[in-house]
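This is protein_30.cif (mmCIF, C-alpha atoms).
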data_structure
#
loop_
_atom_site.label_atom_id
_atom_site.label_comp_id
_atom_site.auth_asym_id
_atom_site.auth_seq_id
_atom_site.Cartn_x
_atom_site.Cartn_y
_atom_site.Cartn_z
CA MET A 18 -2.02 -19.82 6.18
CA VAL A 19 -0.16 -22.18 3.83
CA THR A 20 1.65 -25.07 5.55
CA ASN A 21 2.65 -27.27 2.58
CA LYS A 22 6.43 -26.93 2.14
CA ASN A 23 5.94 -26.65 -1.63
CA LYS A 24 3.58 -23.71 -1.35
CA LYS A 25 3.64 -20.09 -0.21
CA PRO A 26 0.82 -17.72 0.73
CA ILE A 27 -0.16 -15.75 -2.37
CA VAL A 28 -0.74 -11.99 -2.29
CA LEU A 29 -2.39 -10.21 -5.21
CA ILE A 30 -0.95 -6.75 -5.90
CA ILE A 31 -2.98 -4.24 -7.89
CA ALA A 32 -0.83 -1.14 -8.36
CA GLY A 33 1.20 0.99 -10.75
CA HIS A 34 4.66 0.40 -12.17
CA ASP A 35 7.60 2.61 -11.18
CA PRO A 36 10.60 2.22 -13.53
CA SER A 37 13.00 3.26 -10.74
CA GLY A 38 11.98 0.27 -8.61
CA GLY A 39 11.58 2.44 -5.55
CA ALA A 40 7.79 2.41 -5.34
CA GLY A 41 4.85 0.67 -6.98
CA ILE A 42 4.72 -2.95 -8.08
CA GLN A 43 8.43 -3.66 -7.57
CA ALA A 44 8.37 -2.28 -4.03
CA ASP A 45 5.34 -4.44 -3.29
CA ILE A 46 6.92 -7.58 -4.72
CA GLU A 47 10.09 -7.07 -2.69
CA SER A 48 8.19 -6.49 0.57
CA ILE A 49 5.96 -9.50 0.02
CA ALA A 50 8.83 -11.77 -1.05
CA SER A 51 10.91 -10.76 1.97
CA ALA A 52 8.05 -11.94 4.20
CA GLY A 53 8.06 -15.38 2.57
CA CYS A 54 5.00 -14.93 0.36
CA HIS A 55 4.50 -15.05 -3.41
CA ALA A 56 3.24 -11.97 -5.26
CA VAL A 57 0.91 -12.12 -8.25
CA THR A 58 0.51 -8.75 -9.93
CA VAL A 59 -1.90 -6.75 -12.04
CA ILE A 60 -0.58 -3.34 -13.11
CA THR A 61 -3.00 -0.41 -13.14
CA SER A 62 -0.74 1.94 -15.05
CA LEU A 63 2.71 2.53 -16.44
CA THR A 64 4.53 5.63 -15.27
CA ALA A 65 7.44 7.67 -16.54
CA GLN A 66 9.23 8.55 -13.32
CA ASN A 67 12.47 8.40 -11.37
CA THR A 68 13.54 9.35 -7.84
CA ASP A 69 13.06 13.04 -8.71
CA LYS A 70 9.74 13.34 -10.53
CA VAL A 71 6.76 11.73 -12.26
CA ALA A 72 6.56 12.88 -15.88
CA ASN A 73 3.62 10.88 -17.22
CA ILE A 74 1.07 8.14 -16.44
CA SER A 75 -0.60 5.73 -18.86
CA SER A 76 -3.51 3.66 -17.49
CA GLN A 77 -4.35 0.12 -18.55
CA ASP A 78 -7.31 -0.71 -20.74
CA PRO A 79 -10.09 -1.61 -18.24
CA ASN A 80 -11.26 -4.72 -20.14
CA PHE A 81 -7.74 -6.15 -20.44
CA PHE A 82 -7.17 -5.24 -16.79
CA ARG A 83 -10.26 -7.16 -15.67
CA LYS A 84 -9.26 -10.19 -17.73
CA GLN A 85 -5.92 -10.35 -15.90
CA ILE A 86 -7.60 -10.28 -12.48
CA LYS A 87 -10.07 -12.99 -13.54
CA LEU A 88 -7.30 -15.29 -14.73
CA ILE A 89 -5.36 -14.87 -11.49
CA PHE A 90 -8.36 -15.91 -9.40
CA ASP A 91 -9.11 -18.79 -11.78
CA ASP A 92 -5.66 -20.23 -11.14
CA PHE A 93 -4.48 -19.16 -7.68
CA ASN A 94 -5.73 -19.40 -4.12
CA VAL A 95 -5.12 -15.78 -3.13
CA SER A 96 -4.74 -15.18 0.62
CA ALA A 97 -4.72 -11.36 0.63
CA CYS A 98 -4.75 -8.39 -1.73
CA LYS A 99 -2.89 -5.08 -1.68
CA ILE A 100 -4.22 -2.20 -3.78
CA GLY A 101 -1.95 0.75 -4.48
CA MET A 102 -2.11 3.51 -7.07
CA ILE A 103 -5.15 3.24 -9.33
CA GLY A 104 -5.32 6.64 -10.98
CA ASP A 105 -8.31 5.98 -13.26
CA VAL A 106 -12.03 5.90 -12.45
CA GLU A 107 -12.78 3.03 -14.83
CA LEU A 108 -10.15 0.89 -13.13
CA VAL A 109 -11.75 1.58 -9.74
CA ASP A 110 -15.01 0.23 -11.15
CA ALA A 111 -13.21 -2.79 -12.58
CA ILE A 112 -11.51 -3.59 -9.25
CA HIS A 113 -14.85 -3.30 -7.44
CA ASN A 114 -16.53 -5.60 -9.95
CA GLU A 115 -13.83 -8.26 -9.66
CA LEU A 116 -13.27 -8.18 -5.89
CA SER A 117 -16.70 -7.46 -4.43
CA ASP A 118 -17.72 -11.14 -4.34
CA ILE A 119 -14.31 -12.49 -3.29
CA LYS A 120 -13.90 -12.65 0.47
CA ILE A 121 -10.21 -12.00 1.05
CA PRO A 122 -8.46 -9.40 3.26
CA ILE A 123 -7.70 -6.24 1.29
CA VAL A 124 -5.09 -3.61 2.19
CA LEU A 125 -5.65 -0.29 0.42
CA ASP A 126 -2.87 2.29 0.11
CA PRO A 127 -4.82 5.31 -1.21
CA ILE A 128 -2.02 6.99 -3.15
CA ILE A 129 -2.99 10.54 -4.09
CA ASN A 130 0.41 12.19 -4.51
CA SER A 131 3.77 10.64 -5.33
CA GLY A 132 6.64 10.86 -2.89
CA THR A 133 8.06 13.58 -5.13
CA GLY A 134 4.84 15.61 -4.89
CA GLU A 135 2.99 14.99 -8.16
CA ASN A 136 -0.74 14.26 -8.12
CA LEU A 137 -1.46 10.65 -9.07
CA SER A 138 -5.17 10.43 -8.27
CA PRO A 139 -7.72 13.03 -9.45
CA ARG A 140 -10.57 13.90 -7.10
CA LYS A 141 -13.19 11.94 -9.05
CA THR A 142 -10.99 8.85 -8.78
CA TYR A 143 -10.44 8.93 -5.04
CA GLU A 144 -14.10 9.78 -4.42
CA ARG A 145 -14.95 6.61 -6.34
CA ILE A 146 -12.40 4.70 -4.27
CA LEU A 147 -14.10 5.89 -1.08
CA ALA A 148 -17.53 4.85 -2.30
CA LEU A 149 -16.71 1.50 -3.92
CA LEU A 150 -13.50 0.12 -2.43
CA LEU A 151 -13.51 1.17 1.23
CA PRO A 152 -16.45 -1.12 2.02
CA LEU A 153 -14.30 -4.03 0.79
CA THR A 154 -11.12 -3.21 2.68
CA THR A 155 -9.66 -4.65 5.85
CA ILE A 156 -7.39 -1.65 6.36
CA ILE A 157 -6.60 1.61 4.59
CA THR A 158 -3.14 3.13 5.10
CA PRO A 159 -3.13 6.86 4.22
CA ASN A 160 -0.41 9.23 5.34
CA THR A 161 -1.63 12.34 7.16
CA LEU A 162 -1.83 14.39 3.96
CA GLU A 163 -3.89 11.74 2.20
CA ALA A 164 -6.18 11.26 5.19
CA LYS A 165 -6.90 15.00 5.31
CA ILE A 166 -7.66 15.14 1.58
CA LEU A 167 -9.82 12.02 1.57
CA ALA A 168 -11.88 13.11 4.57
CA GLY A 169 -11.93 16.86 3.88
CA THR A 170 -10.68 17.80 7.35
CA ASP A 171 -7.40 18.63 9.10
CA ASP A 172 -8.50 16.83 12.27
CA LEU A 173 -7.01 13.34 11.97
CA LYS A 174 -9.39 11.73 14.49
CA ILE A 175 -12.37 13.07 12.55
CA ALA A 176 -10.69 11.97 9.32
CA ALA A 177 -10.25 8.43 10.64
CA ASP A 178 -13.87 8.28 11.81
CA LYS A 179 -15.06 9.45 8.40
CA LEU A 180 -12.98 6.85 6.59
CA LEU A 181 -14.32 4.15 8.91
CA SER A 182 -17.85 5.33 8.12
CA TYR A 183 -17.32 4.33 4.49
CA GLY A 184 -17.01 0.71 5.61
CA THR A 185 -13.33 -0.08 6.00
CA LYS A 186 -12.60 -2.13 9.12
CA SER A 187 -9.54 -0.14 10.19
CA VAL A 188 -7.39 2.89 9.35
CA LEU A 189 -3.65 3.31 9.86
CA ILE A 190 -2.66 6.97 9.46
CA THR A 191 1.08 7.44 9.12
CA GLY A 192 2.88 10.61 10.16
CA SER A 193 6.06 10.66 8.11
CA HIS A 194 4.93 13.79 6.20
CA GLU A 195 4.48 15.88 9.34
CA LYS A 196 7.08 18.36 10.67
CA THR A 197 7.53 16.55 13.99
CA ASP A 198 10.54 15.26 15.91
CA VAL A 199 9.19 11.71 15.82
CA VAL A 200 6.92 9.90 13.38
CA LEU A 201 3.51 9.18 14.89
CA ASN A 202 1.43 6.42 13.30
CA THR A 203 -2.08 5.76 14.64
CA LEU A 204 -4.28 2.70 14.17
CA TYR A 205 -8.03 3.31 14.34
CA LYS A 206 -10.79 0.71 14.53
CA LYS A 207 -14.49 1.32 15.04
CA ASP A 208 -15.50 1.23 18.73
CA ASN A 209 -11.85 0.83 19.81
CA LEU A 210 -9.43 3.30 21.31
CA PRO A 211 -6.75 4.46 18.84
CA ILE A 212 -3.33 2.82 19.18
CA GLU A 213 -0.37 5.16 18.73
CA TYR A 214 3.08 4.12 17.56
CA THR A 215 6.09 6.44 17.63
CA TRP A 216 9.21 6.00 15.54
CA LYS A 217 12.50 7.84 15.39
CA ARG A 218 12.45 10.20 12.42
CA LEU A 219 15.16 9.36 9.92
CA THR A 220 16.95 11.94 7.82
CA GLY A 221 16.39 12.03 4.08
CA SER A 222 13.43 11.55 1.73
CA PHE A 223 12.37 8.03 0.81
CA HIS A 224 10.82 6.62 -2.37
CA GLY A 225 8.21 3.92 -1.73
CA SER A 226 7.88 3.80 2.06
CA GLY A 227 4.06 3.67 1.89
CA CYS A 228 4.14 0.84 -0.65
CA THR A 229 6.57 -1.04 1.56
CA LEU A 230 4.35 -0.68 4.64
CA SER A 231 1.03 -1.59 3.03
CA SER A 232 2.33 -4.58 1.09
CA ARG A 233 4.08 -5.92 4.19
CA ILE A 234 0.79 -5.68 6.09
CA ALA A 235 -0.89 -7.70 3.31
CA ALA A 236 1.87 -10.33 3.44
CA ASN A 237 1.62 -10.60 7.21
CA ILE A 238 -2.14 -11.11 6.99
CA ALA A 239 -1.62 -13.77 4.30
CA LEU A 240 0.75 -15.53 6.69
CA GLY A 241 -2.04 -15.79 9.24
CA ASN A 242 -1.21 -12.89 11.54
CA GLY A 243 -3.95 -10.87 13.22
CA LEU A 244 -4.35 -7.27 12.07
CA LYS A 245 -2.63 -5.66 15.07
CA ASN A 246 0.42 -7.92 14.82
CA ALA A 247 0.48 -7.48 11.04
CA VAL A 248 0.50 -3.70 11.39
CA GLU A 249 3.14 -3.66 14.13
CA ASP A 250 5.54 -5.97 12.29
CA ALA A 251 5.06 -4.00 9.06
CA GLN A 252 5.99 -0.74 10.79
CA GLU A 253 9.15 -2.24 12.27
CA TYR A 254 10.08 -3.78 8.92
CA THR A 255 9.47 -0.54 7.02
CA TRP A 256 11.49 1.54 9.49
CA GLN A 257 14.40 -0.86 9.11
CA THR A 258 14.21 -0.68 5.30
CA LEU A 259 14.46 3.11 5.56
CA LYS A 260 17.24 3.04 8.14
CA ASN A 261 19.19 0.83 5.74
CA GLY A 262 18.09 2.80 2.69
CA LEU A 263 20.08 2.79 -0.55
CA GLU A 264 21.17 5.92 -2.42
CA LEU A 265 20.70 4.48 -5.90
CA GLY A 266 19.27 7.49 -7.74
CA LYS A 267 20.15 11.16 -7.47
CA GLU A 268 17.19 12.18 -5.28
CA GLN A 269 14.94 10.09 -3.00
CA ILE A 270 16.43 7.10 -1.17
CA HIS A 271 15.30 3.55 -1.98
CA PRO A 272 14.21 1.45 1.02
CA ASP A 273 16.36 -1.69 1.27
CA ARG A 274 13.64 -4.32 1.54
CA PHE A 275 16.21 -7.10 1.83
CA PHE A 276 18.27 -5.34 4.50
CA ASN A 277 18.44 -8.50 6.58
CA ILE A 278 19.96 -10.60 3.79
CA LYS A 279 23.74 -10.15 3.88
CA ASN A 280 25.70 -10.10 0.67
CA ASP A 281 28.83 -12.22 1.19
CA ILE A 282 30.32 -11.50 -2.23
#
If you convert what's in this file into structure tokens, what do you get?
Amino acid sequence: MVTNKNKKPIVLIIAGHDPSGGAGIQADIESIASAGCHAVTVITSLTAQNTDKVANISSQDPNFFRKQIKLIFDDFNVSACKIGMIGDVELVDAIHNELSDIKIPIVLDPIINSGTGENLSPRKTYERILALLLPLTTIITPNTLEAKILAGTDDLKIAADKLLSYGTKSVLITGSHEKTDVVLNTLYKKDNLPIEYTWKRLTGSFHGSGCTLSSRIAANIALGNGLKNAVEDAQEYTWQTLKNGLELGKEQIHPDRFFNIKNDI
């Protein structure tokens, strides 16, 4: 935790860019900034998307990508890392190579499909993520659909156990994609009983809720919070951003990540 008044905890974001600002790097920056941390960013890919659809994805050159990560660690004392959409096998290898010897907490949001339904992570990519990145992570934050795909089972308890077996320290499975009256999120840790959290289901479809949650967890950890407190605060924060969501585009709603900052103009 940073105590110098002229410094802030630094969180490295490795994720894709969403031109609409609803998800991806911009969502992460907003969530991290609202927690009082500073975000440094390395973009995995550019996307052509809006609140309705993803039309195209263009991944970064792996060598240029690695150089950016190296320069960040040469210059900054990074307190935590959040990894979002990767989308390319070579970038998974590059992330593993750059982070495997750096002992910082890592939050992994294993984005497979976009909020609008398009596939963002081919099978060979997420299989590589499971093998190389899960052993490095502090927590992985799949929604129920992602957990089922990653683990190859519809049983969420079995899915969580399988993800833990790859080496991640904890798994938070979120239930916003289920057809239930309330949203059920469950935190799993090896040799611990699962902790369930229930949230009132809000109406509408939201763009970037998973990015908001995972990046807020990373910021909370960078601030010195324990994992359980980091997860609980991030859920409350994310729910409030959705409750105060902004209808900026024609389709999915943007979370208002600065909902608690009043505009007096």
Point out the residue among A:Ile86, A:Ile119, A:Val248, A:Ile238 with the least atom-to-atom distance to A:Thr203, counting all atoms listed in the file. A:Val248
Hey, can I get the axis-aligned box for stretch 51-61 of chain A? All listed atoms, 3 Å padding on each side, centre and edge lengths in Å to one decimal, as lines of an AutoDock Vina configuration file.
center_x = 4.0
center_y = -7.9
center_z = -4.5
size_x = 19.9
size_y = 21.0
size_z = 23.3
Expected residue set, 10 Å radius at (4.9, 7.7, -15.8), all atoms listed in the file, as a ChimeraX atom specification: /A:33-36,62-67,70-76,137
Atom CA of A:Leu240 to atom CA of A:Phe276: how many Å, to one decimal?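 Between atom CA of A:Leu240 and atom CA of A:Phe276 the gap is 20.4 Å.
Residue nearest A:Leu219, chosen from A:Ile42, A:Ile123, A:Leu181, A:Leu259 and counting only C-alpha atoms: A:Leu259.
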Point-to-point distance from atom CA of A:Ile128 to atom CA of A:Leu180, Å rounded to tenths: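 Interatomic distance here is 14.7 Å.
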Matched chain/residue IDs from the PyMOL selection byres ((chain A and resi 45) around 10), as a VMD selection string: chain A and resid 28 to 32 38 to 44 46 to 51 56 58 99 to 101 225 227 to 233 235 to 236 274
